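> Following this message is one structure expressed as structure tokens.
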Amino acid sequence: MSKLDSMHAALIGQSVRRREDPRFLTGRGRYTDDVPMARLAHAAVLRSPYGHALIRSIDTSAALAMEGVIGVLTYADIAGKVGDIRPNWVIGDSIVPPHPPLASDRTRYVGEAVALVVANTRQQAADALEAIEVDYDVLPAVVDEEAALETGAPQLHANVPGNLIGTYKASGGDYAAAAAAAHKLVTVRLVNQRLIPSAIEPRAVRASYDALDERLTIHLPTQVPHMHRRWLAETLRWPEHRLRLVAPDIGGGFGSKMHLYAEEILVAFAARQFDRPVGWTETRSEAHMATTHGRAHVENVEAAVSRDGRVLGIKLRSVANMGAYLSNMATGIPTNNTVTFICGNYDIPAMDAEVRLVVTNTTPVDAYRGAGRPEASYIIERTMDAVAHELGMDPVELRRINLIRSHQFPYTPYGHPVLRWDSGNYEGCLESAVTAIDHAGWRKRQAELRTQGRYVGIAVTCYMEVVGMGNSRTLSARGFDRGGWESAQVRVHSDGKVTLFSGSMPQGHGHATTFAQIVGDALQLPMDHIDVVQGDTDRVPAGHGTFNSRSVAVGGSAAHTAARKVLDKAMKIAAAMLEAEPQTVDYAGGTFFVKDQPQRSVAFATVARTAYVANKLPAGMEAGLDETVFYEPRAMSAPHGAHAAVVEVDIETGEVQVLDYVAVDDVGVLINPMLCHGQMHGGIAQGIGQALYEGVDYDESGQLLTGTLLDYAVPKSDQLPRMRTSFQVTPSPTNPLGAKGIGEAGCVAAPTVIVGAVCDALSGFGITHIDMPLTPPKVWQAIRAGRSRAQARS
Amino acid sequence: MSLQRITTTVNEASVSAEVEPRTLLVHFLREQAGMTGTHVGCDTSQCGACTVRMDGRTVKSCTVLAVHAHAHRITTIEGLSSPDALTPLQQAFSDLHALQCGFCTPGMVFAAQALLDRVPDPTEAQVRDALHGNLCRCTGYQNIVDAVMLAARRIRDEAAPVASTLAGEVQ
């Protein structure tokens with residue numbers, strides 16, 4: 001930074017209040033279902049009530065005759081006109097089963113779309129659903145991923161023999177040698193239960209067709225507007241340039257709003273077919289059935305360990321439940337996104353993994369906040385606890401022994417040819433968390449409290465992940481059919497005010513504020529001179545959107561780079577206006593001036609005006625002050641941290657209370673610390689939700705038993721603890737901002753630390769592991785079983 | 001289905017509309033009164049995103065039939081304040097980053113305001129209890145709880161005869 005930069009008060013690093021807030025706080029947000037539209041018709045979806053059934057016939061005649069009904073679509077109406085829903089991440093040689101947006105001859109999960117009704121009112125559409133007669137022939141179902149692999153299991157798809165989509169293998173180092181040299185082989189079996197993402201805003205879509213210019217406009221809460229446009233264009237067989245996607249405010253996404261869904265295709269198709277704007281808004285029970293679920297893996301882990309606590313190698317054999325069809329990224333999550341991180345923060349020289357991808361009669365599973373990294377963190381951290389237990393070592397000490405050291409960055413896990421963890425200080429985070437939680441103090445208090453009949457547990461865990469998806473070549477090499485760049489257009493208007501058009505897409509992250517801070521700093525202008533536009537494919541030239549915690553590191557870097565380009569051009573114009581050589585001109589706080597002659601100056605706004613009047617431009621320069629970049633990240637970045645928790649278990653009820661929670665995270669440079677703390681809180685809350693409360697249940701026929709928020713426990717205000725979040729900063733060398741990515745870190749770390757602490761509290765009962773969610777009945781049962789075992793021994 | 005004409009006062013303005021007897025108040029408010037700040041987040045009254053005031057009492061508008069609102073006075077989030085004149089509670093939400101996506105926020109504001117109207121000096125446990133019927137998926141609730149406590153302090157201080165400084169209060 002030059003000395004002149006200091007004349008502009010830095011915006012990066014400031015906890016600037018969000019400019020979005022007043023609007024949201026007073027009900028002026030605009031979510032998809034709020035978008036006003038004349039002549040709007042309403043769609044409702046008839047869904048399969050069975051986990052697995054043949055469709056003998058569908059009779060829509062009674063529904064069509066009902067008052068207000070505009071039309072009904074079944075598979076017969078869209079066959080040959082609309083394409084299948086296709087995943088755009090197909091790992092290895094995975095088989096892709098056909099997935100039409102409406103079931104053709106068979107339904108494969110409860111909630112699968114069978115027909116779409118369009119009517120004048122929401123109520124009329126709902127009524128008409130009940131008049132559609134479907135003749136089903138119910139088939140045996142399978143919901144468990146391991147059961148689906150057994151001989152004789154019900155078969156879902158003709159082209160998927162044995163329900164096996166594919167087997168992914170990855171290895172590094174020499175695991176067999178590690179196992180042979182090991183003092184012990186420690187094994188654990190883990191279930192990473194199925195979750196419902198549960199954004200509070202349900203999914204929605206509104207589509208209108210303009211026959212005049214033959215354009216479809218679709219309002220959609222999507223994390224990835226431009227990719228969604230491409231997918232919809234392909235599926236609808238409609239040219240991309242005649243499709244406009246508008247993503248207004250989004251009420252949370254957490255990954256679930258980045259996939260292509262049947263309803264979006266059907267509503268868009270219906271808008272043209274029936275020549276009416278059509279809207280559909282999901283009910284909460286539909287969200288539980290028809291919006292993608294997350295996690296759903298079973299993992300068998302083996303760790304080869306030396307006598308002194310070194311983990312020499314780790315082996316994983318897992319089975320991942322894909323649900324009935326392959327959703328967008330599904331095959332990549334339990335494979336690439338999980339396996340890559342199963343060595344966690346530790347210098348483990350060998351890894352051997354095999355993942356079987358399986359279809360079952362359940363809702364499709366896809367990326368959900370963390371998307372593979374919570375599973376990986378759970379695998380390695382539960383294994384570390386098991387190793388510590390087997391060796392009789394302190395779990396924190398064991399972690400210390402195995403950590404990757406700061407001097408090892410950039411770190412290459414198990415000698416991998418491509419993987420690099422960019423930067424970090426794993427020891428620093430661990431020691432800060434240990435100190436902040438007062439680990440030693442709690443260990444003492446734990447023993448004292450035990451004598452009073454109180455069961456307190458303490459755990460400290462580490463995590464790392466790699467985020468900021470890019471670059472395009474790396475992604476492509478892994479079967480990911482998208483680019484990894486992000487676009488930014490910085491347009492300076494003739495009055496010197498600025499609009500950033502960014503391909504990123506917030507769902508509550510506060511980009512309008514953060515990105516204005518980034519551009520404000522690059523141009524040394526006040527934030528209120530900068531507007532941020534996102535989420536409209538007609539306004540933003542291109543983009544990839546928001547997922548994999550890529551917004552700041554990739555989207556923010558794009559904005560920064562575009563702003564710097566604008567400044568370069570402005571500098572040349574200013575030099576011409578000042579009749580000075582460009583290298584003698586400097587810029588600070590909104591003013592260009594000749595070095596050592598500050599009285600020879602011109603304001604940024606005046607330069608902007610000149611750029612458009614174009615009367616004093618250097619020879620050969622085009623008019624305007626407007627730069628677009630497609631920023632391609634060099635590499636991904638590796639946020640990491642250590643979390644610690646103290647819990648108390650009521651052994652009479654099995655209830656778990658979190659007494660203290662500490663998070664020390666290194667996500668690189670913080671743009672807006674206040675928002676970073678908020679992101680951590682939210683992520684940790686979802687992680688605690690997974691650890692203690694949330695889990696999807698199906699019965700054997702594929703009936704969804706957690707079909708509403710009465711049955712599926714999203715944590716409430718009195719169920720979450722106070723969290724003490726703090727940051728250590730190791731800038732990322734991969735991007736100009738030094739940022740890493742924060743959106744998912746909390747939910748990566750929280751499940752492992754909470755389960756670890758609960759098991760620590762109950763170690764006296766011989767309990768080393770309980771599968772999530774650690775609900776009171778499950779914990780109580782584990783305690784009871786532990787007591788029985790103790791009695792049997794005595 | 002037969003329609004029924006109802007007339008209500010929504011944010012001080014009279015609104016008259018034909019509704020089906022089964023229409024929920026939340027749908028009437030959103031679709032007929034145009035007050036889209038009242039949100040629908042669930043089918044089972046768990047999430048609280050549709051919370052409004054009816055004759056000064058806080059209700060989840062998905063649990064009230066529109067016909068029951070006939071001749072009653074409804075306040076939605078749009079009627080509580082404007083973006084240029086936030087209430088102390090709303091200001092505290094912004095100051096402490098007590099919202100992210102904003103979808104649950106109107107309901108949170110009503111639930112929290114109802115507590116402050118009743119209990120001017122709430123404990124953290126009381127705040128968490130008062131928000132039990134409102135789900136937020138973004139914030140982990142911590143900043144919401146802190147914002148309610150901060151607003152309570154500010155309101156108390158404003159009511160107190162001696163002005164007190166707020167310096168250092170905001171993190």
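How things are named: the first chain in the structure tokens is A, the next is B, and so on; residues count from 1 in each chain; ligands count from 1 in the order shown.
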Output the contact residues of chain A with respect to chain B at a cut-off of 6 Å, based on only C-alpha atoms, as a VMD selection string.

chain A and resid 21 to 24 26 to 27 34 200 to 201 251 to 252 284 507 to 508 681 to 682 685 716 to 718

> Would you export the selected residues with N, CA and C atoms as a compact mmCIF listing (two decimals), in the first residue's frame, please?


# COMPACT_ATOMS: atom_id res chain seq x y z
N ASP A 21 -30.04 -4.06 5.88
CA ASP A 21 -30.86 -4.29 7.07
C ASP A 21 -32.15 -3.47 7.17
N PRO A 22 -32.09 -2.15 6.97
CA PRO A 22 -33.33 -1.38 7.16
C PRO A 22 -34.49 -1.91 6.31
N ARG A 23 -34.17 -2.31 5.11
CA ARG A 23 -35.18 -2.87 4.21
C ARG A 23 -35.78 -4.16 4.80
N PHE A 24 -34.91 -5.07 5.18
CA PHE A 24 -35.38 -6.35 5.72
C PHE A 24 -36.15 -6.16 7.03
N THR A 26 -37.96 -3.82 7.97
CA THR A 26 -39.26 -3.16 7.87
C THR A 26 -40.16 -3.82 6.83
N GLY A 27 -39.81 -5.04 6.45
CA GLY A 27 -40.70 -5.79 5.56
C GLY A 27 -40.61 -5.39 4.10
N ASP A 34 -42.93 -12.70 -3.27
CA ASP A 34 -43.45 -11.34 -3.10
C ASP A 34 -43.56 -10.59 -4.42
N ILE A 200 -35.41 -20.97 5.78
CA ILE A 200 -36.74 -20.58 6.27
C ILE A 200 -37.63 -20.11 5.11
N GLU A 201 -37.04 -19.50 4.10
CA GLU A 201 -37.84 -19.21 2.90
C GLU A 201 -37.95 -20.49 2.07
N GLY A 251 -34.17 -16.11 1.02
CA GLY A 251 -34.29 -16.35 2.46
C GLY A 251 -33.52 -17.57 2.92
N GLY A 252 -32.24 -17.57 2.67
CA GLY A 252 -31.40 -18.71 3.05
C GLY A 252 -31.36 -19.74 1.94
N ARG A 284 -43.93 -26.09 3.44
CA ARG A 284 -42.83 -26.67 4.22
C ARG A 284 -42.80 -28.18 4.08
N GLN A 507 -27.42 -15.09 -0.24
CA GLN A 507 -28.68 -15.59 0.32
C GLN A 507 -28.76 -15.18 1.78
N GLY A 508 -28.34 -13.97 2.06
CA GLY A 508 -28.32 -13.49 3.43
C GLY A 508 -26.92 -13.17 3.90
N HIS A 681 -21.55 -18.04 13.63
CA HIS A 681 -22.69 -18.39 14.49
C HIS A 681 -23.67 -19.29 13.75
N GLY A 682 -24.01 -18.86 12.53
CA GLY A 682 -25.01 -19.62 11.77
C GLY A 682 -24.53 -21.01 11.42
N ALA A 685 -24.50 -23.14 14.52
CA ALA A 685 -25.88 -23.50 14.87
C ALA A 685 -26.35 -24.70 14.04
N LYS A 716 -34.08 -24.26 18.12
CA LYS A 716 -34.73 -23.00 18.48
C LYS A 716 -33.82 -22.17 19.38
N SER A 717 -34.29 -20.95 19.67
CA SER A 717 -33.45 -20.00 20.40
C SER A 717 -32.99 -20.53 21.75
N ASP A 718 -33.81 -21.33 22.41
CA ASP A 718 -33.43 -21.81 23.74
C ASP A 718 -32.68 -23.14 23.68

> Which residues are near Arg634 (chain A)? Cut-off 9 Å, only C-alpha atoms, ignore same chain within fewer than 5 positions. Put them as an MDAnalysis selection string.

chainID A and resid 470:471 734:735

> Write out as a list in words all residues of region 149-179 of chain A that DSSP puts in strand (DSSP E or B) for this structure's backbone.

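Here are the strand (DSSP E or B) residues of region 149-179 of chain A: Leu164, Ile165, Gly166, Thr167, Tyr168, Lys169, Ala170, Ser171 and Gly172 of chain A.
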
> Now that the selection is made, can you save its residues with C-alpha atoms as a compact mmCIF listing (two decimals), in the first residue's frame?


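Written file, again.txt:
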# COMPACT_ATOMS: atom_id res chain seq x y z
CA LEU A 164 -24.87 -49.13 -7.45
CA ILE A 165 -24.25 -45.86 -9.28
CA GLY A 166 -20.50 -46.28 -9.10
CA THR A 167 -17.52 -46.89 -6.88
CA TYR A 168 -15.03 -44.11 -6.30
CA LYS A 169 -11.50 -44.95 -5.28
CA ALA A 170 -8.72 -42.66 -4.17
CA SER A 171 -5.44 -43.29 -2.48
CA GLY A 172 -2.13 -41.68 -1.63

> Can you pull out the residues contacting Leu139 (chain A)? Cut-off 10 Å, using only C-alpha atoms, and skip same-chain residues under 4 positions away; I want them as a list in words.

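Contacts, in chain order: Tyr50, Gly51, His52, Ala53, Leu54, Arg106, Thr107, Arg108, Pro154, Gln155 and Ser701 of chain A.
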
> Find the spatial neighbours of Cys676 (chain A), counting only C-alpha atoms, within a cut-off of 12 Å - ignore same-chain residues fewer than 4 positions away - and output them as a count of residues only.

37

> Which residues, written as a list in words, have at least one atom at most 12 Å from Arg153 (chain B), with only C-alpha atoms counted and residues fewer than 2 positions away on the same chain left out?

Pro88, Leu89, Ala92, Leu116, Val119, Pro120, Asp121, Pro122, Thr123, Asp146, Ala147, Val148, Met149, Leu150, Ala151, Ile155, Arg156, Asp157, Glu158, Ala159, Ala160, Ser164, Thr165, Leu166, Glu169 and Val170 of chain B

> Within 10 Å of Val59 (chain B), counting only C-alpha atoms, which residues show up once you throw out same-chain ones fewer than 6 positions away? Write them as a VMD selection string, please.

chain B and resid 48 50 to 53 74 107 110 to 111

> Once DSSP has gone over the backbone, tell me which residues of chain B are in helix (DSSP H, G or I), as a VMD selection string.

chain B and resid 25 to 32 66 to 69 77 to 80 88 to 95 105 to 118 124 to 130 142 to 159

> Between CA of Glu354 (chain A) and CA of Leu316 (chain A), what is the distance, to one decimal in Å?

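Separating CA of Glu354 (chain A) from CA of Leu316 (chain A) is a distance of 6.2 Å.
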
> I need the residue nearest Gly56 (chain B) from this list: B:Val15, B:Ala152, B:Gln32, B:Thr75. Use only C-alpha atoms for the distance.

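Using only C-alpha atoms, the shortest distance to Gly56 (chain B) belongs to B:Thr75.
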
> Can you work out which one of B:Met54, B:Ala71, B:Val19, B:Ala33 has the shortest atom-to-atom distance to Leu3 (chain B), counting only C-alpha atoms?

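Among the listed residues, B:Val19 lies closest to Leu3 (chain B).
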